[in-house]
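Colleague: Here it is: the structure, laid out below.
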Amino acid sequence: MSQFKSDFLNILSERGFIHQISDPEALDAQAKAGAITGYIGFDATASSLHAGSLVQIMMLRWMQKTGHRPIALMGGGTTKIGDPSFKDESRKMLSVEQIASNLDGIKQVFTKFLTFGEGATDARMVNNADWLDHLNYIDFLRDYGVHFTINRMLSFDSVKLRLDREQPLTFLEFNYMILQGYDFLELSRRHNCVLQMGGSDQWGNIVNGIELGRRCDQKQLFALTTPLLTTSSGAKMGKTASGAVWLNADLLSPYDYWQYWRNSEDADVTRFLKLYTEMPLPEIARLGALGGSEINDAKKILATEATTMLHGRATAEEAAETARRTFEEGQSAAGLPTLDLDLDAGTGLLAACVAAGFASSNGEARRSIQGGAIRINDQAVSDEKLLLTRAMMTDGVIKLSMGKKKHVLVKPA
RNA sequence: GGGGGAGUGUCCCGAGCGGCAAAGGGGGCGGACUGUAAAUCCGCUGGCUUCGCCUUCGUAGGUUCGAGUCCUACCUCCCCCA
């Protein structure tokens, strides 16, 4: 991609955020000429965002850092519909109460990445329920429905998956892209917002908004999408076996968050450093060039920097130190998750494994033990009927582990 | 309204002459090898008080010693005709 004139696009481009831009030259010129306003929408489908949304959040942050004004749009209204883009089946409908409580959970994370306020480059948080909830159906159809043709909407790739699979695409969901387009128009009118960013799966939806802006207000709006982010082996960002990589600390501890980045694949390190940290590019290039086992140092830096972005420097360092003692010295480092159990009467090993989250049933725990996965104080155990008692404690705790990476410190209740 | 087809292990895809806890993938977890990586190989992948018992194939009934498999009704979806 050629050099841009604006800092904003240059940085996004160099760091690998850009997949497509609707009219790069014109957007670049506007961003060069003065502060622009751009937004990204977030739907409230869960009580926390996960690592998959991190790229979007970082884009908003860069936007602010380069002198522009970011808007975080909460999908209080659109979540009631559910985005069908590239989904092979419809999502369960969320209750209004559920959406409201999800929004509360999601909001907190933005304050860590953005500075909110009323100033020219202060970030705003708005909720599309503010305008979507009160739309008058007939008026809306007459004013905006005329600008959309079914012919065109059916041509979008985002709905093809559903249609090709002969899965139902309800009229409710089909309206999602219209409402998202309308959001863009509304933000452009209310906040002079000219840019919508999002994942590449959002391209179709965003372009609809651009179209609407042109037709209704003769105004040029822009789209900028990020590449679909996967790990080198093709897994989606932000999902692991044990579930999503949540950003809220009450759902995923800073230690586990640090571990997520630490376990990145070699081939991803450079890309991730660019996207998920603010480290200067020359430094990243140096780290990325490390070969063999030295790249582990780069991964530790990635983990600590990425965790710092979310949880702060001190917490990140603490997670790094806990990991260092656990993995490099093999100690039962304080800072590992702890678990209170009855050690006087003794607690069965199976129950302890379930309580520690190593297994979801006794049967699963039993199989893990038979497979040699469970260790007590770093000694493999094979007796599934074993009782955990005070006699096993060293330094007041029993270290219970599964595999190389999962450890819990058991304390007397 | 008429005709045809589909719904399988609560992660997904998907086989399944009436004997089935149900083939095979993918994914995941664990082990070996390594560098807390990748690749490769091996094991596990419904629940329990585990020599056995219990619950699973859209839902509810029925036939049968025995039903994911056959019959009936219903639900949901797809296609064709009206």
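Chain identifiers are assigned as A, B, and so on, following the order in which chains appear in the structure tokens; residues are numbered from 1 within each chain, and ligands are numbered from 1 in order of appearance.
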Would you list, as number ranges by chain, the residues of region 164-301 of chain A that end up in alpha helix (DSSP H) under DSSP run on this structure's backbone?

Modeller: A: 164, 171-174, 176-191, 203-217, 254-262, 269-276, 281-288, 295-301

Colleague: Mind listing as a short mmCIF file (atom, residue, chain, number, x, y, z; two decimals) with all heavy atoms, in the first residue's frame which residues of chain B are within 8 Å of chain A, counting only C-alpha atoms (C1' of nucleotides)?

Modeller:
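Output file selection_33.cif follows:
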data_model
loop_
_atom_site.label_atom_id
_atom_site.label_comp_id
_atom_site.auth_asym_id
_atom_site.auth_seq_id
_atom_site.Cartn_x
_atom_site.Cartn_y
_atom_site.Cartn_z
P G B 28 -7.83 -26.75 18.22
OP1 G B 28 -7.29 -25.40 18.43
OP2 G B 28 -6.98 -27.81 17.66
"O5'" G B 28 -8.44 -27.29 19.58
"C5'" G B 28 -9.26 -26.43 20.38
"C4'" G B 28 -9.81 -27.20 21.54
"O4'" G B 28 -10.57 -28.33 21.05
"C3'" G B 28 -8.77 -27.84 22.44
"O3'" G B 28 -8.28 -26.91 23.37
"C2'" G B 28 -9.57 -28.95 23.11
"O2'" G B 28 -10.41 -28.44 24.11
"C1'" G B 28 -10.44 -29.43 21.94
N9 G B 28 -9.83 -30.54 21.21
C8 G B 28 -9.25 -30.49 19.96
N7 G B 28 -8.80 -31.66 19.57
C5 G B 28 -9.08 -32.51 20.62
C6 G B 28 -8.84 -33.90 20.76
O6 G B 28 -8.29 -34.66 19.97
N1 G B 28 -9.29 -34.38 22.00
C2 G B 28 -9.90 -33.62 22.96
N2 G B 28 -10.26 -34.25 24.06
N3 G B 28 -10.15 -32.32 22.83
C4 G B 28 -9.72 -31.84 21.64
P G B 30 -3.98 -29.46 28.02
OP1 G B 30 -3.58 -28.66 29.17
OP2 G B 30 -3.51 -29.10 26.66
"O5'" G B 30 -3.58 -30.98 28.24
"C5'" G B 30 -3.72 -31.58 29.51
"C4'" G B 30 -3.43 -33.05 29.40
"O4'" G B 30 -4.29 -33.63 28.39
"C3'" G B 30 -2.04 -33.40 28.91
"O3'" G B 30 -1.07 -33.28 29.92
"C2'" G B 30 -2.27 -34.85 28.47
"O2'" G B 30 -2.40 -35.70 29.58
"C1'" G B 30 -3.61 -34.72 27.77
N9 G B 30 -3.42 -34.42 26.35
C8 G B 30 -3.65 -33.24 25.68
N7 G B 30 -3.35 -33.31 24.41
C5 G B 30 -2.90 -34.61 24.22
C6 G B 30 -2.44 -35.28 23.05
O6 G B 30 -2.33 -34.83 21.92
N1 G B 30 -2.07 -36.58 23.32
C2 G B 30 -2.15 -37.19 24.55
N2 G B 30 -1.75 -38.47 24.61
N3 G B 30 -2.58 -36.59 25.64
C4 G B 30 -2.94 -35.31 25.41
P G B 31 0.42 -32.96 29.52
OP1 G B 31 1.14 -32.71 30.77
OP2 G B 31 0.43 -31.96 28.44
"O5'" G B 31 0.90 -34.34 28.92
"C5'" G B 31 0.97 -35.50 29.73
"C4'" G B 31 1.45 -36.67 28.91
"O4'" G B 31 0.49 -36.93 27.85
"C3'" G B 31 2.76 -36.45 28.17
"O3'" G B 31 3.87 -36.64 29.01
"C2'" G B 31 2.66 -37.52 27.08
"O2'" G B 31 2.92 -38.80 27.60
"C1'" G B 31 1.19 -37.41 26.70
N9 G B 31 0.98 -36.48 25.60
C8 G B 31 0.45 -35.21 25.66
N7 G B 31 0.40 -34.63 24.48
C5 G B 31 0.93 -35.57 23.61
C6 G B 31 1.13 -35.50 22.20
O6 G B 31 0.86 -34.57 21.43
N1 G B 31 1.70 -36.66 21.70
C2 G B 31 2.04 -37.76 22.47
N2 G B 31 2.57 -38.78 21.82
N3 G B 31 1.85 -37.84 23.78
C4 G B 31 1.30 -36.72 24.28
P G B 35 14.44 -26.95 23.84
OP1 G B 35 15.55 -26.14 23.37
OP2 G B 35 14.63 -27.88 24.96
"O5'" G B 35 13.18 -26.00 24.22
"C5'" G B 35 13.23 -25.21 25.39
"C4'" G B 35 12.21 -24.11 25.19
"O4'" G B 35 12.46 -23.50 23.92
"C3'" G B 35 10.79 -24.63 25.20
"O3'" G B 35 10.01 -23.83 26.05
"C2'" G B 35 10.32 -24.46 23.76
"O2'" G B 35 8.99 -23.97 23.67
"C1'" G B 35 11.24 -23.35 23.26
N9 G B 35 11.46 -23.39 21.82
C8 G B 35 12.26 -24.22 21.10
N7 G B 35 12.26 -23.97 19.82
C5 G B 35 11.39 -22.91 19.69
C6 G B 35 10.99 -22.20 18.53
O6 G B 35 11.33 -22.38 17.36
N1 G B 35 10.08 -21.18 18.84
C2 G B 35 9.64 -20.88 20.10
N2 G B 35 8.79 -19.88 20.19
N3 G B 35 10.01 -21.54 21.19
C4 G B 35 10.88 -22.52 20.91
P U B 36 9.73 -23.90 27.40
OP1 U B 36 10.30 -22.66 27.84
OP2 U B 36 10.16 -25.17 28.00
"O5'" U B 36 8.16 -23.77 27.48
"C5'" U B 36 7.32 -24.87 27.14
"C4'" U B 36 5.89 -24.35 27.05
"O4'" U B 36 5.65 -23.50 28.19
"C3'" U B 36 5.62 -23.50 25.81
"O3'" U B 36 4.42 -23.92 25.19
"C2'" U B 36 5.41 -22.09 26.33
"O2'" U B 36 4.35 -21.41 25.67
"C1'" U B 36 4.93 -22.37 27.75
N1 U B 36 5.18 -21.25 28.67
C2 U B 36 4.05 -20.64 29.19
O2 U B 36 2.93 -20.98 28.92
N3 U B 36 4.30 -19.59 30.02
C4 U B 36 5.53 -19.13 30.39
O4 U B 36 5.61 -18.19 31.16
C5 U B 36 6.66 -19.82 29.80
C6 U B 36 6.44 -20.84 28.98
P A B 37 4.30 -24.94 24.06
OP1 A B 37 2.91 -25.40 24.01
OP2 A B 37 5.39 -25.91 24.15
"O5'" A B 37 4.55 -24.02 22.77
"C5'" A B 37 3.78 -22.84 22.60
"C4'" A B 37 3.98 -22.30 21.22
"O4'" A B 37 5.39 -22.02 21.00
"C3'" A B 37 3.64 -23.24 20.07
"O3'" A B 37 2.25 -23.26 19.82
"C2'" A B 37 4.39 -22.59 18.93
"O2'" A B 37 3.73 -21.43 18.47
"C1'" A B 37 5.69 -22.17 19.63
N9 A B 37 6.71 -23.20 19.47
C8 A B 37 7.23 -24.05 20.42
N7 A B 37 8.14 -24.88 19.96
C5 A B 37 8.22 -24.55 18.61
C6 A B 37 8.99 -25.06 17.56
N6 A B 37 9.87 -26.04 17.72
N1 A B 37 8.83 -24.52 16.35
C2 A B 37 7.95 -23.53 16.19
N3 A B 37 7.15 -22.96 17.11
C4 A B 37 7.35 -23.52 18.30
P A B 38 1.59 -24.55 19.24
OP1 A B 38 0.15 -24.26 19.12
OP2 A B 38 2.04 -25.73 19.99
"O5'" A B 38 2.22 -24.63 17.79
"C5'" A B 38 1.75 -23.80 16.73
"C4'" A B 38 2.54 -24.08 15.48
"O4'" A B 38 3.95 -23.96 15.78
"C3'" A B 38 2.41 -25.50 14.94
"O3'" A B 38 1.28 -25.64 14.11
"C2'" A B 38 3.70 -25.64 14.13
"O2'" A B 38 3.62 -24.99 12.91
"C1'" A B 38 4.69 -24.91 15.04
N9 A B 38 5.36 -25.81 15.97
C8 A B 38 5.15 -25.95 17.32
N7 A B 38 5.93 -26.85 17.89
C5 A B 38 6.68 -27.33 16.83
C6 A B 38 7.69 -28.31 16.76
N6 A B 38 8.13 -29.00 17.82
N1 A B 38 8.25 -28.56 15.56
C2 A B 38 7.81 -27.87 14.50
N3 A B 38 6.88 -26.92 14.44
C4 A B 38 6.35 -26.70 15.65
P G B 43 -3.57 -44.34 19.69
OP1 G B 43 -4.02 -45.74 19.60
OP2 G B 43 -4.00 -43.37 18.66
"O5'" G B 43 -3.99 -43.76 21.11
"C5'" G B 43 -3.80 -44.53 22.29
"C4'" G B 43 -4.16 -43.73 23.50
"O4'" G B 43 -3.37 -42.52 23.53
"C3'" G B 43 -5.60 -43.20 23.54
"O3'" G B 43 -6.51 -44.19 23.97
"C2'" G B 43 -5.47 -42.06 24.54
"O2'" G B 43 -5.39 -42.54 25.86
"C1'" G B 43 -4.12 -41.48 24.13
N9 G B 43 -4.28 -40.39 23.15
C8 G B 43 -4.01 -40.42 21.81
N7 G B 43 -4.26 -39.28 21.21
C5 G B 43 -4.74 -38.46 22.22
C6 G B 43 -5.18 -37.11 22.18
O6 G B 43 -5.23 -36.35 21.21
N1 G B 43 -5.59 -36.66 23.43
C2 G B 43 -5.58 -37.42 24.57
N2 G B 43 -6.01 -36.81 25.67
N3 G B 43 -5.17 -38.67 24.63
C4 G B 43 -4.76 -39.13 23.43
P C B 44 -8.04 -44.08 23.51
OP1 C B 44 -8.72 -45.29 24.07
OP2 C B 44 -8.12 -43.78 22.08
"O5'" C B 44 -8.56 -42.81 24.32
"C5'" C B 44 -8.70 -42.85 25.74
"C4'" C B 44 -9.14 -41.51 26.24
"O4'" C B 44 -8.17 -40.50 25.84
"C3'" C B 44 -10.44 -40.98 25.66
"O3'" C B 44 -11.57 -41.55 26.30
"C2'" C B 44 -10.32 -39.49 25.94
"O2'" C B 44 -10.54 -39.19 27.29
"C1'" C B 44 -8.85 -39.26 25.62
N1 C B 44 -8.64 -38.83 24.23
C2 C B 44 -8.94 -37.51 23.89
O2 C B 44 -9.35 -36.76 24.77
N3 C B 44 -8.76 -37.09 22.62
C4 C B 44 -8.31 -37.94 21.70
N4 C B 44 -8.15 -37.48 20.46
C5 C B 44 -8.01 -39.30 22.00
C6 C B 44 -8.19 -39.71 23.27
P G B 47 -18.86 -37.01 30.59
OP1 G B 47 -18.19 -35.80 31.10
OP2 G B 47 -18.09 -38.26 30.39
"O5'" G B 47 -20.08 -37.35 31.55
"C5'" G B 47 -20.85 -36.30 32.12
"C4'" G B 47 -21.88 -36.89 33.05
"O4'" G B 47 -22.70 -37.83 32.31
"C3'" G B 47 -21.30 -37.74 34.18
"O3'" G B 47 -20.86 -36.94 35.26
"C2'" G B 47 -22.51 -38.59 34.56
"O2'" G B 47 -23.45 -37.86 35.29
"C1'" G B 47 -23.08 -38.90 33.17
N9 G B 47 -22.53 -40.15 32.64
C8 G B 47 -21.60 -40.31 31.66
N7 G B 47 -21.34 -41.56 31.40
C5 G B 47 -22.15 -42.27 32.26
C6 G B 47 -22.31 -43.67 32.44
O6 G B 47 -21.75 -44.60 31.86
N1 G B 47 -23.24 -43.95 33.43
C2 G B 47 -23.93 -43.01 34.16
N2 G B 47 -24.79 -43.47 35.07
N3 G B 47 -23.80 -41.70 33.99
C4 G B 47 -22.90 -41.41 33.03
P C B 77 -40.03 -22.48 10.52
OP1 C B 77 -39.84 -21.01 10.58
OP2 C B 77 -41.32 -23.04 10.13
"O5'" C B 77 -38.92 -23.08 9.55
"C5'" C B 77 -37.58 -22.66 9.65
"C4'" C B 77 -36.69 -23.56 8.86
"O4'" C B 77 -36.88 -24.94 9.28
"C3'" C B 77 -36.99 -23.63 7.37
"O3'" C B 77 -36.48 -22.51 6.68
"C2'" C B 77 -36.28 -24.92 6.99
"O2'" C B 77 -34.89 -24.73 6.94
"C1'" C B 77 -36.62 -25.81 8.19
N1 C B 77 -37.82 -26.63 7.94
C2 C B 77 -37.67 -27.77 7.14
O2 C B 77 -36.55 -28.04 6.70
N3 C B 77 -38.74 -28.54 6.88
C4 C B 77 -39.93 -28.22 7.37
N4 C B 77 -40.97 -29.01 7.08
C5 C B 77 -40.12 -27.06 8.18
C6 C B 77 -39.04 -26.30 8.43
P C B 78 -37.14 -22.09 5.31
OP1 C B 78 -36.60 -20.75 4.99
OP2 C B 78 -38.60 -22.31 5.34
"O5'" C B 78 -36.52 -23.16 4.30
"C5'" C B 78 -35.13 -23.14 4.02
"C4'" C B 78 -34.82 -24.28 3.09
"O4'" C B 78 -35.19 -25.53 3.74
"C3'" C B 78 -35.63 -24.30 1.81
"O3'" C B 78 -35.10 -23.42 0.84
"C2'" C B 78 -35.53 -25.76 1.41
"O2'" C B 78 -34.27 -26.06 0.85
"C1'" C B 78 -35.64 -26.45 2.77
N1 C B 78 -37.03 -26.84 3.09
C2 C B 78 -37.56 -28.00 2.50
O2 C B 78 -36.84 -28.64 1.72
N3 C B 78 -38.82 -28.37 2.79
C4 C B 78 -39.56 -27.65 3.63
N4 C B 78 -40.80 -28.07 3.88
C5 C B 78 -39.06 -26.47 4.25
C6 C B 78 -37.80 -26.10 3.95
#

Colleague: Which neighbours of region 11-21 of chain B fall inside 10 Å, counting only C-alpha atoms (C1' of nucleotides), when residues of the same chain fewer than 5 positions from it are skipped, and could you give them as a ChimeraX atom specification?

Modeller: /A:241 /B:26-28,46,55-56,64,66-70

Colleague: Can you check which residues of region 120-307 of chain A DSSP gives as strand (DSSP E) on the backbone and send them as a list in words?

Modeller: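 Filtering region 120-307 of chain A to strand (DSSP E) leaves Arg124, Met125, Val126, Asn127, Cys193, Val194, Leu195, Gln196, Met197, Gly198, Gly199, Phe222, Ala223, Leu224, Thr225, Thr226, Lys239, Thr240, Gly243 and Ala244 of chain A.
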
Colleague: Could you name the residues that touch region 61-74 of chain A at 7 Å or less, counting only C-alpha atoms (C1' of nucleotides), but leaving out those on the same chain fewer than 5 positions away, as a PyMOL selection string?

Modeller: chain A and resi 7-8+35-43+113-114+120-128

Colleague: For the residues in that selection, give me N, CA, C and O atoms as a compact mmCIF listing (two decimals), in the first residue's frame.

Modeller:
# COMPACT_ATOMS: atom_id res chain seq x y z
N ASP A 7 -1.07 11.06 9.25
CA ASP A 7 -0.49 10.16 10.25
C ASP A 7 -1.42 8.99 10.53
O ASP A 7 -1.00 7.84 10.67
N PHE A 8 -2.68 9.34 10.64
CA PHE A 8 -3.68 8.33 10.98
C PHE A 8 -3.60 7.11 10.07
O PHE A 8 -3.41 5.98 10.52
N ALA A 35 -9.10 17.39 11.96
CA ALA A 35 -9.63 16.30 12.76
C ALA A 35 -10.91 15.74 12.14
O ALA A 35 -11.79 16.51 11.75
N ILE A 36 -10.97 14.45 12.01
CA ILE A 36 -12.19 13.82 11.53
C ILE A 36 -12.77 12.95 12.66
O ILE A 36 -12.09 12.66 13.64
N THR A 37 -14.01 12.58 12.48
CA THR A 37 -14.65 11.73 13.47
C THR A 37 -14.97 10.39 12.84
O THR A 37 -15.46 10.34 11.71
N GLY A 38 -14.63 9.33 13.55
CA GLY A 38 -14.89 7.99 13.04
C GLY A 38 -15.46 7.12 14.12
O GLY A 38 -15.28 7.39 15.31
N TYR A 39 -16.17 6.07 13.74
CA TYR A 39 -16.76 5.21 14.76
C TYR A 39 -16.65 3.73 14.42
O TYR A 39 -16.41 3.35 13.27
N ILE A 40 -16.81 2.95 15.47
CA ILE A 40 -16.91 1.50 15.33
C ILE A 40 -18.06 1.06 16.23
O ILE A 40 -18.20 1.56 17.35
N GLY A 41 -18.86 0.17 15.72
CA GLY A 41 -19.99 -0.32 16.51
C GLY A 41 -19.65 -1.62 17.22
O GLY A 41 -18.92 -2.45 16.69
N PHE A 42 -20.16 -1.76 18.44
CA PHE A 42 -19.95 -2.99 19.20
C PHE A 42 -21.29 -3.51 19.68
O PHE A 42 -22.02 -2.78 20.34
N ASP A 43 -21.59 -4.74 19.34
CA ASP A 43 -22.86 -5.30 19.79
C ASP A 43 -22.70 -5.93 21.16
O ASP A 43 -21.64 -6.45 21.50
N PHE A 113 -8.68 2.35 27.14
CA PHE A 113 -7.99 2.59 25.89
C PHE A 113 -8.22 4.00 25.35
O PHE A 113 -7.45 4.48 24.52
N LEU A 114 -9.29 4.63 25.78
CA LEU A 114 -9.65 5.93 25.21
C LEU A 114 -9.87 6.96 26.30
O LEU A 114 -10.18 6.62 27.44
N ALA A 120 -12.40 18.36 21.45
CA ALA A 120 -12.35 18.08 20.02
C ALA A 120 -11.88 16.66 19.71
O ALA A 120 -12.38 16.02 18.79
N THR A 121 -10.90 16.17 20.46
CA THR A 121 -10.44 14.82 20.17
C THR A 121 -10.77 13.86 21.31
O THR A 121 -10.21 12.78 21.41
N ASP A 122 -11.67 14.28 22.18
CA ASP A 122 -12.11 13.37 23.23
C ASP A 122 -13.05 12.34 22.63
O ASP A 122 -13.86 12.64 21.76
N ALA A 123 -12.93 11.11 23.13
CA ALA A 123 -13.78 10.05 22.61
C ALA A 123 -15.21 10.20 23.14
O ALA A 123 -15.43 10.78 24.21
N ARG A 124 -16.14 9.72 22.36
CA ARG A 124 -17.55 9.72 22.78
C ARG A 124 -18.03 8.29 22.81
O ARG A 124 -17.55 7.44 22.05
N MET A 125 -18.98 8.07 23.67
CA MET A 125 -19.66 6.78 23.66
C MET A 125 -21.13 7.06 23.45
O MET A 125 -21.74 7.83 24.19
N VAL A 126 -21.68 6.50 22.41
CA VAL A 126 -23.10 6.70 22.17
C VAL A 126 -23.77 5.35 21.97
O VAL A 126 -23.11 4.35 21.70
N ASN A 127 -25.07 5.35 22.11
CA ASN A 127 -25.84 4.11 22.06
C ASN A 127 -26.89 4.24 20.97
O ASN A 127 -27.70 5.18 20.99
N ASN A 128 -26.87 3.32 20.03
CA ASN A 128 -27.82 3.49 18.92
C ASN A 128 -29.27 3.22 19.32
O ASN A 128 -30.18 3.49 18.56

Colleague: Would you work out the distance separating C1' of G9 (chain B) from CA of Leu349 (chain A), expressed in Å to one decimal?

Modeller: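 Rounded to one decimal, the two atoms are 27.7 Å apart.
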
Colleague: Please list as an MDAnalysis selection string every residue within 12 Å of region 47-53 of chain A, counting only C-alpha atoms (C1' of nucleotides) and excluding residues in the same chain fewer than 6 positions away.

Modeller: chainID A and resid 40:41 59:60 72 74 94 97:110 197:199 226:231 235:240 243:252 257:258 260:261 272 275:276 306:307 310

Colleague: Got a sec: who's within 6 Å of region 388-396 of chain A, counting only C-alpha atoms (C1' of nucleotides), leaving out chain neighbours fewer than 4 positions off, as a PyMOL selection string?

Modeller: chain A and resi 343+346-347

Colleague: Restrict the selected residues to N, CA and C atoms and save them as a CSV table (one decimal), in the first residue's frame.

Modeller:
chain,number,residue,atom,x,y,z
A,343,LEU,N,-9.4,-29.6,53.9
A,343,LEU,CA,-8.2,-30.5,53.9
A,343,LEU,C,-8.2,-31.3,55.2
A,346,GLY,N,-10.3,-34.0,54.3
A,346,GLY,CA,-9.8,-34.5,53.0
A,346,GLY,C,-10.8,-34.3,51.9
A,347,THR,N,-10.3,-33.9,50.7
A,347,THR,CA,-11.1,-33.7,49.6
A,347,THR,C,-10.6,-34.7,48.5

Colleague: Between CA of Arg190 (chain A) and CA of Asp130 (chain A), what is the distance in Å, rounded to a tenth?

Modeller: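 A separation of 11.8 Å between them.
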